[in-house]
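Enquirer: So I've got this file, coords-v3.cif, and it contains mmCIF, C-alpha atoms:
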data_data
#
loop_
_atom_site.label_atom_id
_atom_site.label_comp_id
_atom_site.auth_asym_id
_atom_site.auth_seq_id
_atom_site.Cartn_x
_atom_site.Cartn_y
_atom_site.Cartn_z
CA MET D 24 -47.62 256.27 78.40
CA PRO D 25 -51.34 257.24 78.83
CA ASP D 26 -50.98 257.52 82.63
CA GLY D 27 -47.84 259.62 82.32
CA THR D 28 -45.56 256.89 83.64
CA ALA D 29 -42.17 256.96 81.95
CA VAL D 30 -40.90 253.72 80.43
CA PRO D 31 -37.48 252.97 81.94
CA ARG D 32 -34.67 252.85 79.45
CA PRO D 33 -32.93 249.47 79.29
CA SER D 34 -29.48 249.37 80.81
CA VAL D 35 -26.36 248.77 78.74
CA ARG D 36 -26.13 245.34 80.34
CA ASP D 37 -29.69 244.48 79.25
CA VAL D 38 -29.01 245.61 75.70
CA VAL D 39 -25.79 243.60 75.47
CA LYS D 40 -27.53 240.58 76.96
CA ALA D 41 -30.30 240.85 74.37
CA TYR D 42 -27.89 240.99 71.43
CA VAL D 43 -25.86 238.10 72.82
CA GLY D 44 -29.12 236.17 73.20
CA LEU D 45 -29.82 236.61 69.48
CA THR D 46 -26.67 234.63 68.67
CA LYS D 47 -27.88 231.58 70.67
CA PRO D 48 -24.68 230.96 72.68
CA ARG D 49 -25.58 227.37 73.57
CA ILE D 50 -25.73 226.41 69.90
CA ILE D 51 -22.42 228.17 69.29
CA GLU D 52 -20.85 226.07 72.06
CA LEU D 53 -21.86 222.88 70.25
CA LEU D 54 -20.45 224.16 66.97
CA LEU D 55 -17.11 225.01 68.57
CA ILE D 56 -16.99 221.56 70.17
CA THR D 57 -16.96 220.10 66.67
CA THR D 58 -14.42 222.63 65.33
CA VAL D 59 -11.44 222.74 67.68
CA PRO D 60 -10.93 218.96 68.19
CA VAL D 61 -10.82 218.49 64.42
CA MET D 62 -7.98 221.00 64.31
CA PHE D 63 -5.98 218.78 66.68
CA LEU D 64 -6.74 215.78 64.47
CA ALA D 65 -5.71 217.69 61.35
CA ALA D 66 -2.46 218.85 62.96
CA GLY D 67 -1.64 215.42 64.35
CA GLY D 68 -1.14 217.11 67.70
CA VAL D 69 -1.44 220.66 69.01
CA PRO D 70 -2.29 223.10 66.20
CA GLU D 71 -0.88 226.61 66.05
CA LEU D 72 -2.67 228.49 68.81
CA GLY D 73 -2.98 231.66 66.76
CA VAL D 74 -4.89 229.76 64.08
CA VAL D 75 -7.10 228.16 66.72
CA ALA D 76 -7.91 231.56 68.21
CA ALA D 77 -8.65 233.10 64.80
CA THR D 78 -10.85 230.15 63.86
CA LEU D 79 -12.75 230.40 67.13
CA VAL D 80 -13.39 234.11 66.65
CA GLY D 81 -14.53 233.59 63.07
CA GLY D 82 -16.68 230.63 64.04
CA ILE D 83 -18.39 232.57 66.81
CA LEU D 84 -19.09 235.48 64.48
CA ALA D 85 -20.36 233.22 61.68
CA ALA D 86 -22.63 231.14 63.91
CA GLY D 87 -23.86 234.26 65.68
CA SER D 88 -24.76 235.78 62.32
CA ALA D 89 -26.76 232.76 61.15
CA ASN D 90 -28.54 232.38 64.49
CA THR D 91 -29.46 236.07 64.61
CA ILE D 92 -30.98 236.03 61.12
CA ASN D 93 -32.81 232.83 62.12
CA CYS D 94 -34.29 234.69 65.10
CA VAL D 95 -35.49 237.47 62.81
CA LEU D 96 -37.14 235.11 60.34
CA ASP D 97 -38.71 232.94 63.04
CA ARG D 98 -39.86 235.71 65.36
CA ASP D 99 -43.54 235.08 64.53
CA ILE D 100 -43.47 231.48 65.73
CA ASP D 101 -41.00 232.17 68.53
CA GLU D 102 -43.63 234.42 70.13
CA GLN D 103 -46.07 231.49 70.30
CA MET D 104 -43.76 228.71 71.53
CA ARG D 105 -43.11 228.22 75.24
CA ARG D 106 -39.50 227.24 74.58
CA THR D 107 -38.67 230.38 72.59
CA ARG D 108 -41.01 233.15 73.75
CA ARG D 109 -38.33 234.61 76.05
CA ARG D 110 -35.93 235.24 73.19
CA PRO D 111 -35.01 238.91 72.57
CA LEU D 112 -37.29 239.55 69.59
CA PRO D 113 -40.50 238.11 71.10
CA ARG D 114 -39.76 240.20 74.22
CA HIS D 115 -39.20 243.26 71.97
CA ALA D 116 -35.82 243.77 73.59
CA VAL D 117 -34.37 244.31 70.09
CA SER D 118 -36.16 245.51 66.97
CA PRO D 119 -36.25 243.24 63.88
CA ARG D 120 -34.41 245.89 61.88
CA SER D 121 -31.62 246.23 64.43
CA ALA D 122 -31.32 242.46 64.71
CA THR D 123 -31.10 242.11 60.93
CA VAL D 124 -28.33 244.70 60.70
CA PHE D 125 -26.52 243.03 63.59
CA GLY D 126 -26.73 239.62 61.90
CA ILE D 127 -25.47 240.93 58.56
CA VAL D 128 -22.57 242.78 60.18
CA LEU D 129 -21.55 239.65 62.07
CA GLY D 130 -21.62 237.68 58.82
CA ILE D 131 -19.42 240.19 57.01
CA LEU D 132 -16.96 240.29 59.91
CA ALA D 133 -16.84 236.49 60.05
CA THR D 134 -16.12 236.19 56.33
CA LEU D 135 -13.34 238.78 56.43
CA GLU D 136 -11.83 237.57 59.71
CA LEU D 137 -11.62 233.94 58.59
CA GLY D 138 -10.35 234.90 55.14
CA LEU D 139 -7.66 237.27 56.35
CA PHE D 140 -6.48 235.48 59.49
CA VAL D 141 -7.15 231.79 58.69
CA ASN D 142 -7.65 231.11 54.97
CA TRP D 143 -10.25 231.78 52.31
CA LEU D 144 -11.31 228.14 51.97
CA SER D 145 -12.44 228.11 55.59
CA SER D 146 -14.08 231.49 55.08
CA VAL D 147 -16.08 230.26 52.07
CA LEU D 148 -17.15 227.12 53.93
CA ALA D 149 -18.42 229.21 56.86
CA LEU D 150 -20.29 231.50 54.48
CA ALA D 151 -21.83 228.49 52.73
CA ALA D 152 -22.96 227.03 56.06
CA ASN D 153 -24.61 230.33 57.00
CA ALA D 154 -26.35 230.64 53.65
CA PHE D 155 -27.67 227.09 53.87
CA TYR D 156 -28.92 227.58 57.42
CA VAL D 157 -30.72 230.83 56.60
CA PHE D 158 -32.05 230.12 53.12
CA GLY D 159 -32.11 226.32 53.00
CA TYR D 160 -33.29 225.45 56.49
CA THR D 161 -35.04 228.50 57.95
CA MET D 162 -36.70 229.88 54.82
CA VAL D 163 -37.42 226.69 52.83
CA LEU D 164 -37.30 223.47 54.82
CA LYS D 165 -38.34 224.21 58.40
CA ARG D 166 -42.01 224.98 57.82
CA ARG D 167 -42.57 222.80 54.76
CA THR D 168 -41.29 219.26 55.29
CA VAL D 169 -40.83 216.63 57.95
CA GLN D 170 -37.30 216.25 56.60
CA ASN D 171 -36.53 219.80 57.74
CA ILE D 172 -33.96 218.95 60.39
CA VAL D 173 -32.46 216.04 58.45
CA TRP D 174 -31.29 218.14 55.53
CA GLY D 175 -31.32 221.47 57.35
CA GLY D 176 -28.88 219.98 59.82
CA ILE D 177 -26.21 219.97 57.13
CA ALA D 178 -25.35 223.54 58.09
CA GLY D 179 -24.34 222.38 61.54
CA CYS D 180 -21.94 219.80 60.07
CA PHE D 181 -19.70 222.39 58.40
CA PRO D 182 -17.56 223.15 61.49
CA THR D 183 -15.81 219.79 60.98
CA LEU D 184 -14.73 220.94 57.52
CA ILE D 185 -13.85 224.44 58.72
CA GLY D 186 -11.69 223.12 61.56
CA TRP D 187 -9.81 220.80 59.22
CA THR D 188 -9.23 223.35 56.46
CA ALA D 189 -8.16 225.98 59.00
CA VAL D 190 -5.10 223.81 59.66
CA THR D 191 -4.50 222.15 56.29
CA ASN D 192 -6.10 224.58 53.79
CA GLU D 193 -7.51 221.55 51.97
CA LEU D 194 -10.29 218.99 52.32
CA ALA D 195 -9.85 215.26 52.99
CA TRP D 196 -11.92 212.19 53.85
CA THR D 197 -11.38 212.48 57.61
CA PRO D 198 -13.41 215.67 58.16
CA PHE D 199 -16.16 214.32 55.91
CA VAL D 200 -16.49 211.27 58.16
CA LEU D 201 -16.93 213.57 61.14
CA PHE D 202 -19.31 215.64 59.00
CA GLY D 203 -21.33 212.42 58.67
CA VAL D 204 -21.27 211.81 62.42
CA VAL D 205 -22.80 215.23 63.09
CA PHE D 206 -25.27 214.75 60.20
CA PHE D 207 -26.64 211.50 61.65
CA TRP D 208 -26.44 212.85 65.23
CA THR D 209 -28.64 215.88 64.50
CA PRO D 210 -32.02 214.12 63.94
CA PRO D 211 -31.96 212.06 67.19
CA HIS D 212 -30.78 215.13 69.11
CA THR D 213 -33.44 217.44 67.65
CA TRP D 214 -36.31 214.97 67.52
CA ALA D 215 -35.81 214.13 71.20
CA LEU D 216 -36.21 217.83 72.01
CA ALA D 217 -39.19 218.08 69.65
CA MET D 218 -40.87 215.14 71.40
CA ARG D 219 -40.75 217.10 74.64
CA TYR D 220 -42.12 220.25 72.99
CA ARG D 221 -44.41 218.56 70.48
CA GLU D 222 -47.38 220.81 71.31
CA ASP D 223 -45.25 223.89 70.69
CA TYR D 224 -44.29 222.81 67.18
CA ALA D 225 -47.82 221.62 66.42
CA SER D 226 -49.31 224.97 67.49
CA VAL D 227 -47.22 226.84 64.90
CA ASP D 228 -47.56 224.22 62.13
CA VAL D 229 -43.87 223.28 62.03
CA PRO D 230 -43.89 219.66 60.78
CA MET D 231 -41.21 218.20 63.04
CA LEU D 232 -41.32 214.41 62.96
CA PRO D 233 -42.89 214.06 66.45
CA VAL D 234 -45.74 216.31 65.27
CA VAL D 235 -46.69 214.22 62.24
CA ALA D 236 -45.68 210.73 63.47
CA THR D 237 -46.50 208.60 66.49
CA PRO D 238 -44.04 208.37 69.38
CA VAL D 239 -43.21 204.80 68.32
CA ALA D 240 -42.50 205.82 64.71
CA THR D 241 -40.40 208.75 65.89
CA ALA D 242 -38.44 206.61 68.33
CA ARG D 243 -37.78 204.06 65.58
CA GLN D 244 -36.36 206.78 63.36
CA ILE D 245 -34.21 208.01 66.25
CA MET D 246 -32.93 204.48 66.76
CA ALA D 247 -32.15 204.02 63.07
CA TYR D 248 -30.21 207.28 62.82
CA SER D 249 -28.39 206.47 66.06
CA VAL D 250 -27.17 203.13 64.69
CA VAL D 251 -25.84 204.76 61.52
CA MET D 252 -24.25 207.56 63.57
CA VAL D 253 -22.36 205.10 65.77
CA ALA D 254 -21.22 203.09 62.75
CA THR D 255 -20.00 206.29 61.06
CA SER D 256 -18.11 207.36 64.19
CA ILE D 257 -16.26 204.03 64.32
CA ALA D 258 -15.42 204.33 60.62
CA LEU D 259 -13.12 207.24 61.47
CA TRP D 260 -10.69 204.80 63.10
CA PRO D 261 -9.39 203.13 59.90
CA ILE D 262 -9.90 206.18 57.69
CA ALA D 263 -7.96 208.59 59.93
CA ASP D 264 -5.58 205.87 61.21
CA THR D 265 -6.16 206.90 64.80
CA GLY D 266 -4.65 205.25 67.86
CA PHE D 267 -6.58 203.21 70.41
CA VAL D 268 -8.13 206.09 72.40
CA TYR D 269 -10.60 207.23 69.78
CA PRO D 270 -12.08 203.83 68.76
CA LEU D 271 -12.47 202.77 72.39
CA ALA D 272 -14.26 206.03 73.15
CA ALA D 273 -16.41 205.76 70.01
CA ILE D 274 -17.51 202.23 70.89
CA ALA D 275 -18.19 202.96 74.57
CA LEU D 276 -20.06 206.18 73.88
CA GLY D 277 -21.92 204.55 71.01
CA VAL D 278 -23.15 201.73 73.25
CA LEU D 279 -24.41 204.26 75.80
CA PHE D 280 -26.13 206.32 73.10
CA LEU D 281 -27.85 203.26 71.64
CA ARG D 282 -28.93 202.26 75.13
CA GLU D 283 -30.62 205.63 75.61
CA ALA D 284 -32.25 205.44 72.17
CA ARG D 285 -33.50 201.92 72.90
CA GLY D 286 -34.88 203.05 76.24
CA LEU D 287 -36.85 205.78 74.48
CA LEU D 288 -38.20 203.25 71.99
CA LEU D 289 -39.24 200.85 74.75
CA ARG D 290 -41.06 203.63 76.61
CA ALA D 291 -42.85 204.60 73.39
CA HIS D 292 -43.98 200.99 72.93
CA THR D 293 -45.61 201.07 76.38
CA GLY D 294 -47.87 203.87 75.18
CA ALA D 295 -46.08 206.66 77.02
CA GLU D 296 -46.46 210.15 75.59
CA GLY D 297 -45.08 213.63 76.26
CA ALA D 298 -42.97 214.01 79.38
CA ALA D 299 -43.60 210.35 80.29
CA LEU D 300 -41.39 209.37 77.36
CA ARG D 301 -38.48 211.16 79.07
CA PRO D 302 -37.02 212.25 75.71
CA MET D 303 -34.85 214.86 77.41
CA ARG D 304 -32.68 212.05 78.76
CA LEU D 305 -31.56 211.32 75.23
CA PHE D 306 -31.38 215.00 74.34
CA HIS D 307 -29.04 215.85 77.22
CA PHE D 308 -26.93 212.74 76.71
CA SER D 309 -26.58 213.53 73.01
CA ASN D 310 -24.76 216.74 73.96
CA ILE D 311 -22.43 214.81 76.26
CA TYR D 312 -21.89 212.16 73.58
CA LEU D 313 -20.87 214.65 70.91
CA ALA D 314 -18.55 216.57 73.23
CA LEU D 315 -16.75 213.47 74.53
CA LEU D 316 -16.47 211.87 71.09
CA PHE D 317 -14.78 214.94 69.62
CA ILE D 318 -12.59 215.37 72.68
CA ALA D 319 -11.42 211.79 72.14
CA ALA D 320 -10.63 212.69 68.53
CA ALA D 321 -8.52 215.60 69.78
CA VAL D 322 -6.71 213.63 72.49
CA ASP D 323 -5.93 210.62 70.31
CA PRO D 324 -3.20 212.25 68.16
CA LEU D 325 -1.55 213.57 71.31
CA LEU D 326 -1.07 209.98 72.51
CA HIS D 327 -0.74 208.20 69.16
#
Can you present the structure in this file as structure tokens?
Expert:
Amino acid sequence: MPDGTAVPRPSVRDVVKAYVGLTKPRIIELLLITTVPVMFLAAGGVPELGVVAATLVGGILAAGSANTINCVLDRDIDEQMRRTRRRPLPRHAVSPRSATVFGIVLGILATLELGLFVNWLSSVLALAANAFYVFGYTMVLKRRTVQNIVWGGIAGCFPTLIGWTAVTNELAWTPFVLFGVVFFWTPPHTWALAMRYREDYASVDVPMLPVVATPVATARQIMAYSVVMVATSIALWPIADTGFVYPLAAIALGVLFLREARGLLLRAHTGAEGAALRPMRLFHFSNIYLALLFIAAAVDPLLH
């Protein structure tokens, strides 16, 4: 330093915290919520705990890899957005090169761990999800089209397939229905968040729907996707031949979700904007909805 003051070295705890932050733990939690319950559904009860543990480890490594590479590629806009400027790379807590190596190593470990301790079908599906998230969403779609999160969200749907194949080593219609639930859930969930941070996305020219459309138009799209999501969730009942717990939960949770989406639309029609729209109500409830819906899918075969 010019004044002779030494720069304190970061502690081991700070370094570990920075690398963990690159993996976006909150996103990983959501992905695991859609993985483990599907394993119960696939097993028709309690799956082998060793397989569950191996799938969880592989899933954490795979998601951590994709999220870390995403942080590297998006570090320029993360520095400018209020919501993301405290991430490790904008704070220079980790260098881009170190983060890149870390992300690649996690991806290799995930592929090998899932292949060797679960099965290679699940491993390939996880690798495909990572590739789509990094190349399809982050590098191609995110900064170029308003449909970025619609199609980019496909990567986040893969845990339903991975959880199913981890138990059965084959694909079936049931996990694809749940794949569809997550697919139609992602736009309302993400657009609600983007409505709250509209100025952030606009400042870095990321064409999220709330940036390029009016609050009313955005809320209408959220409502439309919500309706299809609820219908898809109920469709699992006859396709998977579940008991009564899952359909009751799907209907009840669906009604509550549609109520929140309708409330957002009504507030948009009154001319409300920004925080006055209270989009975070829907955003937070969407997390609760997804968790409870998949928990119901896991509990149902235990009682069926």
Enquirer: Mind pulling up the distance from CA of Val157 in chain D to CA of Ile100 in chain D?
Expert: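 Going from CA of Ile100 in chain D over to CA of Val157 in chain D, I get 15.7 Å.
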Enquirer: Counting only C-alpha atoms, what are the residues of range 152-267 of chain D within 9 Å of range 120-143 of chain D, and for each of them which pair of atoms is the nearest and at what distance in Å, to one decimal? Sort the table by chain and rising number, as JSON lines.
Expert:
{"residue": "D:Asn153", "atom": "CA", "partner": "D:Gly130", "partner_atom": "CA", "distance": 8.1}
{"residue": "D:Thr188", "atom": "CA", "partner": "D:Asn142", "partner_atom": "CA", "distance": 8.1}
{"residue": "D:Ala189", "atom": "CA", "partner": "D:Val141", "partner_atom": "CA", "distance": 5.9}
{"residue": "D:Val190", "atom": "CA", "partner": "D:Val141", "partner_atom": "CA", "distance": 8.3}
{"residue": "D:Asn192", "atom": "CA", "partner": "D:Asn142", "partner_atom": "CA", "distance": 6.8}
Enquirer: Which is closest to Leu45 in chain D among D:Pro238, D:Pro119, D:Gly87, D:Pro302, if we use only C-alpha atoms?
Expert: D:Gly87
Enquirer: As a check of understanding, name the residues that the PyMOL selection byres ((chain D and resi 309) around 10) selects in the supplied structure, as a PDB file with C-alpha atoms, in the coordinates of the input.
Expert:
ATOM      1  CA  TRP D 208     -26.440 212.850  65.230  1.00  0.00           C
ATOM      2  CA  THR D 209     -28.640 215.880  64.500  1.00  0.00           C
ATOM      3  CA  PRO D 211     -31.960 212.060  67.190  1.00  0.00           C
ATOM      4  CA  HIS D 212     -30.780 215.130  69.110  1.00  0.00           C
ATOM      5  CA  THR D 213     -33.440 217.440  67.650  1.00  0.00           C
ATOM      6  CA  ALA D 215     -35.810 214.130  71.200  1.00  0.00           C
ATOM      7  CA  LEU D 276     -20.060 206.180  73.880  1.00  0.00           C
ATOM      8  CA  LEU D 279     -24.410 204.260  75.800  1.00  0.00           C
ATOM      9  CA  PHE D 280     -26.130 206.320  73.100  1.00  0.00           C
ATOM     10  CA  GLU D 283     -30.620 205.630  75.610  1.00  0.00           C
ATOM     11  CA  ALA D 284     -32.250 205.440  72.170  1.00  0.00           C
ATOM     12  CA  MET D 303     -34.850 214.860  77.410  1.00  0.00           C
ATOM     13  CA  ARG D 304     -32.680 212.050  78.760  1.00  0.00           C
ATOM     14  CA  LEU D 305     -31.560 211.320  75.230  1.00  0.00           C
ATOM     15  CA  PHE D 306     -31.380 215.000  74.340  1.00  0.00           C
ATOM     16  CA  HIS D 307     -29.040 215.850  77.220  1.00  0.00           C
ATOM     17  CA  PHE D 308     -26.930 212.740  76.710  1.00  0.00           C
ATOM     18  CA  ASN D 310     -24.760 216.740  73.960  1.00  0.00           C
ATOM     19  CA  ILE D 311     -22.430 214.810  76.260  1.00  0.00           C
ATOM     20  CA  TYR D 312     -21.890 212.160  73.580  1.00  0.00           C
ATOM     21  CA  LEU D 313     -20.870 214.650  70.910  1.00  0.00           C
ATOM     22  CA  ALA D 314     -18.550 216.570  73.230  1.00  0.00           C
ATOM     23  CA  LEU D 315     -16.750 213.470  74.530  1.00  0.00           C
TER      24      LEU D 315
END
Enquirer: Evaluate the PyMOL selection byres ((chain D and resi 38) around 12) and record the selected residues as JSON, numbers by chain, following the chain and residue labels used in the document.
Expert: {"D": [32, 33, 34, 35, 36, 37, 39, 40, 41, 42, 43, 44, 45, 111, 112, 115, 116, 117, 118, 121, 122]}
Enquirer: Of the candidates D:Thr107, D:Arg98, D:Gly176, D:Gly81, which shows the shortest atom-to-atom distance to Val147 in chain D, using all atoms listed in the file?
Expert: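 That would be D:Gly81, the residue with the smallest distance to Val147 in chain D.
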